[in-house]
file final10.txt (compact mmCIF, C-alpha atoms)
# COMPACT_ATOMS: atom_id res chain seq x y z
CA MET A 1 -4.73 -19.09 25.71
CA GLY A 2 -6.16 -17.12 28.64
CA GLY A 3 -7.02 -13.45 28.68
CA LYS A 4 -3.89 -12.49 30.63
CA GLU A 5 -1.68 -14.44 28.24
CA LYS A 6 -3.25 -12.72 25.23
CA ILE A 7 -2.64 -9.31 26.80
CA LEU A 8 0.95 -10.29 27.56
CA GLN A 9 1.42 -11.42 23.96
CA LEU A 10 0.10 -8.08 22.71
CA LYS A 11 2.49 -6.22 25.02
CA ASN A 12 5.40 -8.06 23.44
CA LEU A 13 4.74 -6.57 20.02
CA ASP A 14 6.81 -3.70 18.65
CA TRP A 15 4.23 -0.99 19.24
CA LEU A 16 6.54 1.78 18.08
CA LEU A 17 6.61 0.13 14.66
CA ILE A 18 2.82 -0.24 14.71
CA ILE A 19 2.36 3.43 15.66
CA ALA A 20 4.72 4.58 12.88
CA THR A 21 2.79 2.41 10.43
CA LEU A 22 -0.58 3.82 11.47
CA LEU A 23 0.70 7.40 11.27
CA LEU A 24 1.82 6.79 7.67
CA VAL A 25 -1.56 5.24 6.82
CA ALA A 26 -3.30 8.20 8.46
CA MET A 27 -1.35 10.63 6.26
CA GLY A 28 -2.41 8.59 3.27
CA LEU A 29 -6.06 8.63 4.29
CA VAL A 30 -5.94 12.42 4.63
CA ALA A 31 -4.40 12.71 1.12
CA ILE A 32 -6.94 10.29 -0.38
CA TYR A 33 -9.85 12.12 1.26
CA SER A 34 -8.56 15.50 0.10
CA SER A 35 -8.11 14.34 -3.50
CA SER A 36 -11.70 13.01 -3.43
CA LEU A 37 -13.26 16.35 -2.46
CA GLN A 38 -13.55 17.92 -5.89
CA LYS A 39 -15.43 14.99 -7.45
CA GLY A 40 -17.30 14.19 -4.25
CA ASP A 41 -16.47 10.50 -4.72
CA PHE A 42 -15.18 8.98 -1.48
CA LEU A 43 -15.39 5.33 -2.51
CA ASN A 44 -11.59 4.90 -2.57
CA PHE A 45 -11.33 6.50 0.88
CA LYS A 46 -13.91 4.07 2.27
CA LYS A 47 -12.23 1.11 0.59
CA GLN A 48 -8.84 2.14 1.97
CA LEU A 49 -10.35 2.16 5.49
CA PHE A 50 -11.64 -1.36 4.85
CA PHE A 51 -8.19 -2.43 3.60
CA LEU A 52 -6.65 -0.93 6.74
CA PHE A 53 -8.82 -2.98 9.09
CA LEU A 54 -8.28 -6.11 6.99
CA GLY A 55 -4.53 -5.48 7.00
CA LEU A 56 -4.50 -5.01 10.77
CA PHE A 57 -6.33 -8.31 11.17
CA PHE A 58 -3.72 -10.15 9.08
CA MET A 59 -0.88 -8.39 10.89
CA PHE A 60 -2.07 -9.43 14.35
CA PHE A 61 -2.88 -12.94 13.10
CA LEU A 62 0.63 -13.42 11.69
CA SER A 63 2.16 -11.80 14.77
CA PHE A 64 1.14 -14.89 16.72
CA PHE A 65 2.12 -17.27 13.92
CA ASP A 66 5.51 -18.92 14.39
CA TRP A 67 7.82 -17.46 11.73
CA ARG A 68 10.04 -20.56 12.02
CA THR A 69 7.44 -22.43 9.94
CA PHE A 70 8.66 -20.50 6.89
CA ARG A 71 12.30 -21.18 7.74
CA ASP A 72 11.83 -24.89 8.38
CA ASP A 73 9.32 -25.85 5.68
CA PRO A 74 10.69 -25.28 2.15
CA TYR A 75 7.67 -27.02 0.62
CA LEU A 76 5.34 -24.42 2.11
CA ILE A 77 7.42 -21.65 0.52
CA LEU A 78 7.41 -23.53 -2.80
CA ILE A 79 3.60 -23.81 -2.68
CA PHE A 80 3.24 -20.06 -2.10
CA TYR A 81 5.73 -19.39 -4.91
CA LEU A 82 3.81 -21.58 -7.37
CA ILE A 83 0.52 -19.92 -6.35
CA ALA A 84 2.07 -16.51 -7.06
CA ILE A 85 3.30 -17.70 -10.48
CA PHE A 86 -0.11 -19.17 -11.30
CA LEU A 87 -1.84 -15.90 -10.37
CA LEU A 88 0.58 -13.90 -12.53
CA ILE A 89 -0.06 -16.17 -15.51
CA GLY A 90 -3.80 -16.02 -14.90
CA LEU A 91 -3.77 -12.25 -15.41
CA PHE A 92 -3.28 -12.76 -19.15
CA PHE A 93 -6.49 -14.83 -19.34
CA TRP A 94 -8.85 -13.50 -16.67
CA ALA A 95 -7.83 -9.93 -15.86
CA PRO A 96 -9.47 -6.97 -17.61
CA GLU A 97 -7.22 -4.67 -19.59
CA ILE A 98 -7.01 -1.26 -17.91
CA ARG A 99 -5.06 1.44 -19.77
CA GLY A 100 -3.18 -1.20 -21.72
CA VAL A 101 -2.18 -3.21 -18.65
CA LYS A 102 -3.50 -6.55 -17.41
CA GLY A 103 -2.39 -6.17 -13.81
CA TRP A 104 -5.41 -6.71 -11.57
CA TYR A 105 -8.12 -9.29 -10.96
CA LYS A 106 -11.46 -7.54 -10.73
CA ILE A 107 -13.75 -8.78 -7.95
CA GLY A 108 -16.84 -6.57 -7.86
CA GLU A 109 -15.74 -3.13 -6.66
CA PHE A 110 -12.37 -4.49 -5.55
CA SER A 111 -9.18 -5.35 -7.40
CA PHE A 112 -6.40 -7.76 -6.48
CA ASP A 113 -2.82 -7.29 -7.66
CA PRO A 114 -0.88 -10.59 -7.42
CA ILE A 115 2.43 -8.73 -7.83
CA GLU A 116 2.16 -7.57 -4.22
CA LEU A 117 1.80 -11.19 -3.07
CA THR A 118 4.74 -12.12 -5.31
CA LYS A 119 6.97 -9.52 -3.64
CA LEU A 120 6.22 -10.89 -0.17
CA VAL A 121 6.73 -14.50 -1.29
CA LEU A 122 10.07 -13.59 -2.91
CA ILE A 123 11.26 -11.92 0.32
CA ILE A 124 10.50 -15.13 2.22
CA LEU A 125 12.00 -17.35 -0.50
CA LEU A 126 15.24 -15.34 -0.85
CA ALA A 127 15.62 -15.11 2.93
CA LYS A 128 15.29 -18.89 3.13
CA TYR A 129 17.66 -19.51 0.22
CA PHE A 130 20.50 -17.24 1.36
CA SER A 131 20.15 -17.95 5.08
CA THR A 132 21.51 -21.46 4.46
CA ARG A 133 24.04 -20.54 1.75
CA HIS A 134 25.61 -17.27 2.85
CA VAL A 135 28.96 -18.98 3.49
CA GLU A 136 28.94 -20.23 -0.13
CA MET A 137 28.21 -16.89 -1.78
CA TYR A 138 31.56 -17.12 -3.56
CA ARG A 139 29.88 -19.73 -5.81
CA PHE A 140 28.27 -18.03 -8.77
CA ARG A 141 25.72 -20.83 -9.18
CA HIS A 142 23.87 -19.65 -6.06
CA ILE A 143 23.46 -16.23 -7.62
CA ILE A 144 22.21 -17.83 -10.86
CA LEU A 145 19.72 -20.10 -9.09
CA SER A 146 18.35 -17.33 -6.88
CA GLY A 147 18.14 -15.19 -10.01
CA PHE A 148 15.98 -17.85 -11.67
CA TYR A 149 13.45 -17.59 -8.81
CA VAL A 150 13.32 -13.84 -9.44
CA LEU A 151 13.42 -14.05 -13.25
CA LEU A 152 10.40 -16.34 -13.66
CA PRO A 153 7.79 -14.00 -12.12
CA SER A 154 9.60 -10.98 -13.62
CA ILE A 155 9.00 -12.31 -17.14
CA PHE A 156 5.23 -12.47 -16.58
CA ILE A 157 5.23 -9.04 -14.92
CA PHE A 158 7.24 -7.59 -17.81
CA PHE A 159 4.65 -8.63 -20.38
CA GLN A 160 1.71 -7.09 -18.48
CA PRO A 161 3.62 -4.67 -18.83
CA ASN A 162 4.72 -3.36 -15.39
CA LEU A 163 8.32 -2.15 -15.45
CA GLY A 164 8.05 -0.42 -12.07
CA SER A 165 7.35 -3.63 -10.15
CA ILE A 166 10.22 -5.38 -11.94
CA LEU A 167 12.55 -2.62 -10.73
CA VAL A 168 11.35 -3.13 -7.14
CA ILE A 169 11.85 -6.91 -7.38
CA LEU A 170 15.34 -6.51 -8.87
CA SER A 171 16.22 -4.01 -6.12
CA LEU A 172 15.09 -6.58 -3.57
CA TRP A 173 17.23 -9.30 -5.15
CA PHE A 174 20.31 -7.09 -5.51
CA GLY A 175 19.92 -5.82 -1.94
CA ILE A 176 19.76 -9.29 -0.41
CA LEU A 177 22.68 -10.42 -2.60
CA ILE A 178 24.81 -7.55 -1.29
CA VAL A 179 23.84 -8.16 2.33
CA SER A 180 24.51 -11.89 1.89
CA GLY A 181 28.08 -11.17 0.74
CA ILE A 182 28.20 -11.25 -3.07
CA LYS A 183 31.70 -10.90 -4.54
CA LEU A 184 32.44 -7.58 -6.25
CA LYS A 185 33.37 -9.39 -9.48
CA HIS A 186 30.03 -11.18 -9.57
CA PHE A 187 28.21 -7.93 -8.88
CA PHE A 188 29.78 -6.22 -11.91
CA ILE A 189 29.01 -9.25 -14.08
CA LEU A 190 25.34 -8.98 -13.11
CA CYS A 191 25.32 -5.26 -13.89
CA LEU A 192 26.76 -5.96 -17.34
CA VAL A 193 24.18 -8.68 -17.98
CA PHE A 194 21.32 -6.31 -17.09
CA ILE A 195 22.68 -3.58 -19.35
CA ILE A 196 22.78 -6.05 -22.25
CA LEU A 197 19.26 -7.29 -21.47
CA PHE A 198 17.99 -3.71 -21.30
CA LEU A 199 19.47 -2.89 -24.71
CA ILE A 200 17.93 -6.03 -26.23
CA SER A 201 14.55 -5.18 -24.65
CA TRP A 202 14.77 -1.62 -25.99
CA MET A 203 15.21 -2.87 -29.54
CA THR A 204 12.74 -5.75 -29.44
CA VAL A 205 10.23 -5.67 -26.58
CA LEU A 206 9.61 -2.21 -25.08
CA LYS A 207 6.55 -0.40 -26.39
CA ASP A 208 6.67 3.16 -27.72
CA TYR A 209 5.03 4.73 -24.66
CA GLN A 210 7.54 2.99 -22.36
CA LYS A 211 10.42 4.31 -24.48
CA GLU A 212 8.88 7.80 -24.36
CA ARG A 213 8.83 7.71 -20.57
CA ILE A 214 12.50 6.78 -20.42
CA ILE A 215 13.49 9.35 -23.06
CA SER A 216 11.51 12.07 -21.27
CA PHE A 217 13.45 11.23 -18.11
CA ILE A 218 16.88 11.30 -19.78
CA GLN A 219 16.11 14.28 -22.05
CA PRO A 220 13.09 16.11 -20.58
CA HIS A 221 13.32 18.91 -23.17
CA LEU A 222 12.34 16.37 -25.85
CA ALA A 223 9.16 15.33 -24.06
CA ASP A 224 5.83 16.65 -25.29
CA PRO A 225 4.58 18.79 -22.35
CA LEU A 226 0.98 17.94 -23.29
CA LYS A 227 1.59 14.19 -23.39
CA ILE A 228 4.26 12.18 -21.57
CA GLY A 229 5.72 15.25 -19.81
CA TRP A 230 2.35 16.48 -18.52
CA SER A 231 2.16 14.35 -15.38
CA GLN A 232 5.59 15.21 -14.04
CA ASN A 233 5.20 18.90 -14.90
CA GLN A 234 1.97 19.06 -12.91
CA ALA A 235 3.58 17.16 -10.02
CA LYS A 236 6.50 19.61 -9.97
CA ILE A 237 4.09 22.56 -9.97
CA ALA A 238 2.14 21.02 -7.08
CA ILE A 239 5.27 20.32 -5.03
CA GLY A 240 6.81 23.73 -5.71
CA SER A 241 3.62 25.65 -4.93
CA GLY A 242 3.27 24.04 -1.51
CA GLY A 243 5.91 26.29 0.03
CA LEU A 244 6.74 25.88 3.70
CA TRP A 245 3.32 25.24 5.22
CA GLY A 246 1.33 24.19 2.15
CA LYS A 247 -1.93 25.53 0.78
CA GLY A 248 -3.99 23.72 3.36
CA PHE A 249 -6.18 20.65 3.43
CA GLY A 250 -8.43 20.50 0.38
CA LYS A 251 -7.02 23.76 -1.04
CA GLY A 252 -4.32 22.51 -3.43
CA SER A 253 -5.20 23.86 -6.88
CA GLN A 254 -3.36 21.13 -8.82
CA THR A 255 -5.00 18.43 -6.72
CA GLN A 256 -8.49 19.86 -6.45
CA TYR A 257 -8.93 21.02 -10.05
CA GLY A 258 -7.76 17.78 -11.63
CA PHE A 259 -4.47 19.01 -13.07
CA LEU A 260 -2.54 16.41 -11.06
CA PRO A 261 -3.14 12.96 -12.60
CA GLU A 262 -3.58 9.91 -10.37
CA PRO A 263 -3.28 11.88 -7.10
CA GLN A 264 -4.31 8.88 -5.01
CA THR A 265 -1.71 6.47 -6.41
CA ASP A 266 1.23 7.59 -8.58
CA PHE A 267 1.37 11.19 -7.29
CA THR A 268 0.33 10.97 -3.65
CA PHE A 269 3.57 12.63 -2.57
CA ALA A 270 2.73 15.67 -4.70
CA VAL A 271 -0.65 15.95 -2.92
CA VAL A 272 1.07 15.92 0.48
CA ALA A 273 3.68 18.47 -0.65
CA GLU A 274 1.11 20.84 -2.19
CA GLU A 275 -1.38 20.88 0.65
CA PHE A 276 0.96 20.48 3.65
CA GLY A 277 4.17 22.00 2.29
CA LEU A 278 7.73 21.32 3.30
CA ILE A 279 6.63 20.72 6.90
CA GLY A 280 4.31 17.93 5.75
CA VAL A 281 7.08 16.41 3.64
CA ILE A 282 9.50 16.50 6.59
CA ILE A 283 6.91 14.78 8.80
CA LEU A 284 6.34 12.15 6.10
CA PHE A 285 10.08 11.52 5.79
CA PHE A 286 10.44 11.34 9.57
CA PHE A 287 7.69 8.73 9.88
CA PHE A 288 9.22 6.65 7.08
CA SER A 289 12.70 6.90 8.59
CA PHE A 290 11.41 5.84 11.98
CA PHE A 291 9.41 3.03 10.37
CA LEU A 292 12.50 1.68 8.56
CA TRP A 293 14.68 2.11 11.65
CA ARG A 294 12.35 -0.13 13.69
CA ILE A 295 12.52 -2.79 10.94
CA PHE A 296 16.33 -2.65 10.86
CA LYS A 297 16.34 -2.86 14.66
CA ILE A 298 14.42 -6.14 14.41
CA SER A 299 16.94 -7.33 11.83
CA PHE A 300 19.96 -6.47 13.97
CA SER A 301 18.51 -8.20 17.03
CA ALA A 302 17.59 -11.41 15.13
CA LYS A 303 19.36 -14.53 16.37
CA ASN A 304 19.91 -16.19 12.97
CA ASN A 305 20.10 -15.43 9.27
CA PHE A 306 16.54 -16.12 8.08
CA PRO A 307 14.76 -13.47 10.21
CA ARG A 308 17.64 -11.06 9.64
CA LEU A 309 17.44 -11.42 5.85
CA PHE A 310 13.64 -11.31 5.85
CA ALA A 311 13.63 -8.02 7.76
CA ILE A 312 16.32 -6.53 5.50
CA GLY A 313 14.52 -7.74 2.36
CA PHE A 314 11.25 -6.26 3.58
CA ALA A 315 12.96 -2.94 4.34
CA ILE A 316 14.60 -2.90 0.89
CA SER A 317 11.24 -3.53 -0.80
CA ILE A 318 9.58 -0.69 1.11
CA PHE A 319 12.49 1.73 0.63
CA SER A 320 12.80 1.04 -3.11
CA GLN A 321 9.09 1.80 -3.59
CA PHE A 322 9.42 4.94 -1.46
CA PHE A 323 12.50 6.11 -3.39
CA ILE A 324 11.00 5.44 -6.84
CA HIS A 325 7.69 7.12 -5.95
CA ILE A 326 9.42 10.27 -4.65
CA GLY A 327 11.76 10.24 -7.68
CA MET A 328 8.80 10.05 -10.10
CA ASN A 329 7.11 12.99 -8.39
CA LEU A 330 10.25 15.11 -8.38
CA GLY A 331 11.03 14.29 -12.02
CA ILE A 332 14.37 12.58 -11.30
CA LEU A 333 12.99 9.17 -12.29
CA PRO A 334 10.65 8.15 -15.14
CA ILE A 335 6.98 7.54 -14.40
CA ILE A 336 6.67 3.80 -13.83
CA GLY A 337 3.57 3.59 -11.65
CA ILE A 338 4.86 2.85 -8.14
CA PRO A 339 2.64 3.83 -5.18
CA LEU A 340 3.93 5.32 -1.94
CA PRO A 341 3.88 2.38 0.55
CA LEU A 342 1.21 2.67 3.26
CA VAL A 343 0.26 6.13 1.97
CA SER A 344 -1.06 5.72 -1.58
CA TYR A 345 -4.40 4.11 -2.29
CA GLY A 346 -4.24 0.39 -2.99
CA GLY A 347 -5.59 -2.59 -1.09
CA SER A 348 -3.16 -5.24 -2.31
CA ASN A 349 -0.11 -3.15 -1.44
CA LEU A 350 -1.49 -2.13 1.96
CA ILE A 351 -2.63 -5.61 3.01
CA MET A 352 0.57 -7.35 1.88
CA THR A 353 2.64 -4.72 3.69
CA PHE A 354 0.69 -5.41 6.88
CA MET A 355 1.19 -9.16 6.38
CA GLY A 356 4.93 -8.60 6.10
CA LEU A 357 4.76 -6.52 9.29
CA GLY A 358 2.95 -9.40 10.98
CA ILE A 359 5.84 -11.75 10.20
CA LEU A 360 8.24 -9.10 11.53
CA GLN A 361 6.23 -8.87 14.75
CA SER A 362 6.43 -12.65 15.11
CA ILE A 363 10.23 -12.37 14.74
CA TYR A 364 10.30 -9.50 17.25
CA ARG A 365 8.40 -11.56 19.86
CA SER A 366 10.70 -14.59 19.61
call {"tool": "encode", "arguments": {"input": "final10.txt", "output": "structure tokens"}}
result
Amino acid sequence: MGGKEKILQLKNLDWLLIIATLLLVAMGLVAIYSSSLQKGDFLNFKKQLFFLFLGLFFMFFLSFFDWRTFRDDPYLILIFYLIAIFLLIGLFFWAPEIRGVKGWYKIGEFSFDPIELTKLVLIILLAKYFSTRHVEMYRFRHIILSGFYVLLPSIFIFFQPNLGSILVILSLWFGILIVSGIKLKHFFILCLVFIILFLISWMTVLKDYQKERIISFIQPHLADPLKIGWSQNQAKIAIGSGGLWGKGFGKGSQTQYGFLPEPQTDFTFAVVAEEFGLIGVIILFFFFSFFLWRIFKISFSAKNNFPRLFAIGFAISIFSQFFIHIGMNLGILPIIGIPLPLVSYGGSNLIMTFMGLGILQSIYRS
């Protein structure tokens, strides 16, 4: 490929989507840097910059990869799916236990979370499955079989335990089912099944701290403010104290004095709200809305079902993480450890998001 052809290929990318993505990452870098000031430890900031450049590399690489390979080669999708399952199982044997969770492979100073790979693989797999069966969605067996693909990794994720990621995966599955044309009767049957499974899990599987988080969400007055209720109380204080313009970069008391737990991951939104106020929150919401709009635009312009369902599935995955993260910070959802996509610190989430964007760019160019 000549130089002119390469430039032409680059021009054919959705640069508005790329710009929106980079603006969100930039907001995240500012929040990560600010929350590093008090301790003077900027390692996570430097690693996030590295993850950004690595993610951009994968995005541009996949932008010039033919997305039809995924649509036309079911064995390739199966291989990726089995790799994801193997990596999830391997966590129980080779991953260190961090705060009671075996969720990351430790490689020197870096960690790898296979759940993020699993999410991307499931988006591809479900897009492939329903793109060829959407006219047969009246058959309940297709819902059951697609549910098996989702259930298998969810079981291993559940026992890490990581309830937040299961919620994102289930949201992805439900979203694609609805878009694909699930019957209302089947939808209510699934809801009933999940209610029964939740009740069984509550009585037999869920650990005490997980129950406390759910109880503190349903009945916050019962939560111990010095234990399970501490994090959300500090997040609410941070968000409320930001006012219209915020306290300024590096001047948020909850963030800088360590009252806000996990400011670079679980409570990144609270950092933005405290230091940049309502204006910063509005800008963040605008960037995310524009980002999702560009993805839906790619979906609506797709010529067949696979790219359309992939784009919708990717958008659902991003939106569900965004919604849960904001809900945790505002206290309207229990704390289940979901980062803010593209904004919170985390290499696996950032890189896999960029890889998904690369596939979207390949769809956009076609």
call {"tool": "atom_distance", "arguments": {"input": "final10.txt", "atom1": "CA of Gln48 (chain A)", "atom2": "CA of Gly250 (chain A)"}}
result
18.4 Å
call {"tool": "closest_residue", "arguments": {"input": "final10.txt", "among": "A:Tyr364, A:Leu177, A:Phe92, A:Met352", "to": "Met59 (chain A)", "atoms": "only C-alpha atoms"}}
result
A:Met352
call {"tool": "closest_residue", "arguments": {"input": "final10.txt", "among": "A:Ile124, A:Lys185, A:Gly243, A:Ser34", "to": "Thr69 (chain A)", "atoms": "all atoms listed in the file"}}
result
A:Ile124
call {"tool": "closest_residue", "arguments": {"input": "final10.txt", "among": "A:Ser180, A:Leu170, A:Met27, A:Gly358", "to": "Phe285 (chain A)", "atoms": "all atoms listed in the file"}}
result
A:Met27
call {"tool": "atom_distance", "arguments": {"input": "final10.txt", "atom1": "CA of Val150 (chain A)", "atom2": "CA of Val101 (chain A)"}}
result
20.9 Å
call {"tool": "closest_residue", "arguments": {"input": "final10.txt", "among": "A:Leu278, A:Ile237, A:Leu62, A:Leu172", "to": "Leu260 (chain A)", "atoms": "only C-alpha atoms"}}
result
A:Ile237
call {"tool": "closest_residue", "arguments": {"input": "final10.txt", "among": "A:Ile196, A:Ser146, A:Ile157, A:Glu274", "to": "Glu116 (chain A)", "atoms": "all atoms listed in the file"}}
result
A:Ile157
call {"tool": "build_atoms", "arguments": {"input": "final10.txt", "residues": "region 17-44 of chain A", "atoms": "N, CA and C atoms", "output": "PDB file, in the frame of the given file"}}
result
ATOM      1  N   LEU A  17       6.735   0.404  16.089  1.00  0.00           N
ATOM      2  CA  LEU A  17       6.610   0.130  14.660  1.00  0.00           C
ATOM      3  C   LEU A  17       5.154   0.225  14.218  1.00  0.00           C
ATOM      4  N   ILE A  18       4.250  -0.294  15.039  1.00  0.00           N
ATOM      5  CA  ILE A  18       2.820  -0.240  14.710  1.00  0.00           C
ATOM      6  C   ILE A  18       2.346   1.210  14.660  1.00  0.00           C
ATOM      7  N   ILE A  19       2.774   2.025  15.632  1.00  0.00           N
ATOM      8  CA  ILE A  19       2.360   3.430  15.660  1.00  0.00           C
ATOM      9  C   ILE A  19       2.881   4.176  14.436  1.00  0.00           C
ATOM     10  N   ALA A  20       4.156   3.940  14.076  1.00  0.00           N
ATOM     11  CA  ALA A  20       4.720   4.580  12.880  1.00  0.00           C
ATOM     12  C   ALA A  20       3.949   4.181  11.635  1.00  0.00           C
ATOM     13  N   THR A  21       3.566   2.911  11.564  1.00  0.00           N
ATOM     14  CA  THR A  21       2.790   2.410  10.430  1.00  0.00           C
ATOM     15  C   THR A  21       1.441   3.112  10.330  1.00  0.00           C
ATOM     16  N   LEU A  22       0.746   3.207  11.464  1.00  0.00           N
ATOM     17  CA  LEU A  22      -0.580   3.820  11.470  1.00  0.00           C
ATOM     18  C   LEU A  22      -0.520   5.309  11.169  1.00  0.00           C
ATOM     19  N   LEU A  23       0.549   5.971  11.580  1.00  0.00           N
ATOM     20  CA  LEU A  23       0.700   7.400  11.270  1.00  0.00           C
ATOM     21  C   LEU A  23       0.883   7.610   9.769  1.00  0.00           C
ATOM     22  N   LEU A  24       1.646   6.712   9.125  1.00  0.00           N
ATOM     23  CA  LEU A  24       1.820   6.790   7.670  1.00  0.00           C
ATOM     24  C   LEU A  24       0.490   6.538   6.956  1.00  0.00           C
ATOM     25  N   VAL A  25      -0.252   5.541   7.419  1.00  0.00           N
ATOM     26  CA  VAL A  25      -1.560   5.240   6.820  1.00  0.00           C
ATOM     27  C   VAL A  25      -2.503   6.424   7.002  1.00  0.00           C
ATOM     28  N   ALA A  26      -2.433   7.048   8.185  1.00  0.00           N
ATOM     29  CA  ALA A  26      -3.300   8.200   8.460  1.00  0.00           C
ATOM     30  C   ALA A  26      -2.998   9.350   7.501  1.00  0.00           C
ATOM     31  N   MET A  27      -1.706   9.589   7.228  1.00  0.00           N
ATOM     32  CA  MET A  27      -1.350  10.630   6.260  1.00  0.00           C
ATOM     33  C   MET A  27      -1.912  10.288   4.882  1.00  0.00           C
ATOM     34  N   GLY A  28      -1.861   9.016   4.544  1.00  0.00           N
ATOM     35  CA  GLY A  28      -2.410   8.590   3.270  1.00  0.00           C
ATOM     36  C   GLY A  28      -3.909   8.785   3.186  1.00  0.00           C
ATOM     37  N   LEU A  29      -4.603   8.461   4.262  1.00  0.00           N
ATOM     38  CA  LEU A  29      -6.060   8.630   4.290  1.00  0.00           C
ATOM     39  C   LEU A  29      -6.447  10.099   4.124  1.00  0.00           C
ATOM     40  N   VAL A  30      -5.682  10.979   4.760  1.00  0.00           N
ATOM     41  CA  VAL A  30      -5.940  12.420   4.630  1.00  0.00           C
ATOM     42  C   VAL A  30      -5.756  12.844   3.160  1.00  0.00           C
ATOM     43  N   ALA A  31      -4.664  12.357   2.524  1.00  0.00           N
ATOM     44  CA  ALA A  31      -4.400  12.710   1.120  1.00  0.00           C
ATOM     45  C   ALA A  31      -5.470  12.147   0.195  1.00  0.00           C
ATOM     46  N   ILE A  32      -5.899  10.914   0.448  1.00  0.00           N
ATOM     47  CA  ILE A  32      -6.940  10.290  -0.380  1.00  0.00           C
ATOM     48  C   ILE A  32      -8.262  11.024  -0.231  1.00  0.00           C
ATOM     49  N   TYR A  33      -8.600  11.395   1.012  1.00  0.00           N
ATOM     50  CA  TYR A  33      -9.850  12.120   1.260  1.00  0.00           C
ATOM     51  C   TYR A  33      -9.820  13.474   0.569  1.00  0.00           C
ATOM     52  N   SER A  34      -8.684  14.172   0.704  1.00  0.00           N
ATOM     53  CA  SER A  34      -8.560  15.500   0.100  1.00  0.00           C
ATOM     54  C   SER A  34      -8.703  15.437  -1.416  1.00  0.00           C
ATOM     55  N   SER A  35      -8.060  14.449  -2.043  1.00  0.00           N
ATOM     56  CA  SER A  35      -8.110  14.340  -3.500  1.00  0.00           C
ATOM     57  C   SER A  35      -9.465  13.824  -4.005  1.00  0.00           C
ATOM     58  N   SER A  36     -10.348  13.456  -3.063  1.00  0.00           N
ATOM     59  CA  SER A  36     -11.700  13.010  -3.430  1.00  0.00           C
ATOM     60  C   SER A  36     -12.715  14.136  -3.331  1.00  0.00           C
ATOM     61  N   LEU A  37     -12.312  15.272  -2.748  1.00  0.00           N
ATOM     62  CA  LEU A  37     -13.260  16.350  -2.460  1.00  0.00           C
ATOM     63  C   LEU A  37     -13.891  16.946  -3.715  1.00  0.00           C
ATOM     64  N   GLN A  38     -13.060  17.216  -4.710  1.00  0.00           N
ATOM     65  CA  GLN A  38     -13.550  17.920  -5.890  1.00  0.00           C
ATOM     66  C   GLN A  38     -14.649  17.130  -6.613  1.00  0.00           C
ATOM     67  N   LYS A  39     -14.438  15.828  -6.764  1.00  0.00           N
ATOM     68  CA  LYS A  39     -15.430  14.990  -7.450  1.00  0.00           C
ATOM     69  C   LYS A  39     -16.544  14.529  -6.508  1.00  0.00           C
ATOM     70  N   GLY A  40     -16.300  14.638  -5.206  1.00  0.00           N
ATOM     71  CA  GLY A  40     -17.300  14.190  -4.250  1.00  0.00           C
ATOM     72  C   GLY A  40     -17.451  12.677  -4.208  1.00  0.00           C
ATOM     73  N   ASP A  41     -16.444  11.971  -4.682  1.00  0.00           N
ATOM     74  CA  ASP A  41     -16.470  10.500  -4.720  1.00  0.00           C
ATOM     75  C   ASP A  41     -15.491   9.969  -3.681  1.00  0.00           C
ATOM     76  N   PHE A  42     -16.023   9.433  -2.593  1.00  0.00           N
ATOM     77  CA  PHE A  42     -15.180   8.980  -1.480  1.00  0.00           C
ATOM     78  C   PHE A  42     -15.107   7.466  -1.394  1.00  0.00           C
ATOM     79  N   LEU A  43     -15.405   6.791  -2.508  1.00  0.00           N
ATOM     80  CA  LEU A  43     -15.390   5.330  -2.510  1.00  0.00           C
ATOM     81  C   LEU A  43     -13.992   4.795  -2.192  1.00  0.00           C
ATOM     82  N   ASN A  44     -12.953   5.370  -2.817  1.00  0.00           N
ATOM     83  CA  ASN A  44     -11.590   4.900  -2.570  1.00  0.00           C
ATOM     84  C   ASN A  44     -11.184   5.115  -1.111  1.00  0.00           C
TER      85      ASN A  44
END
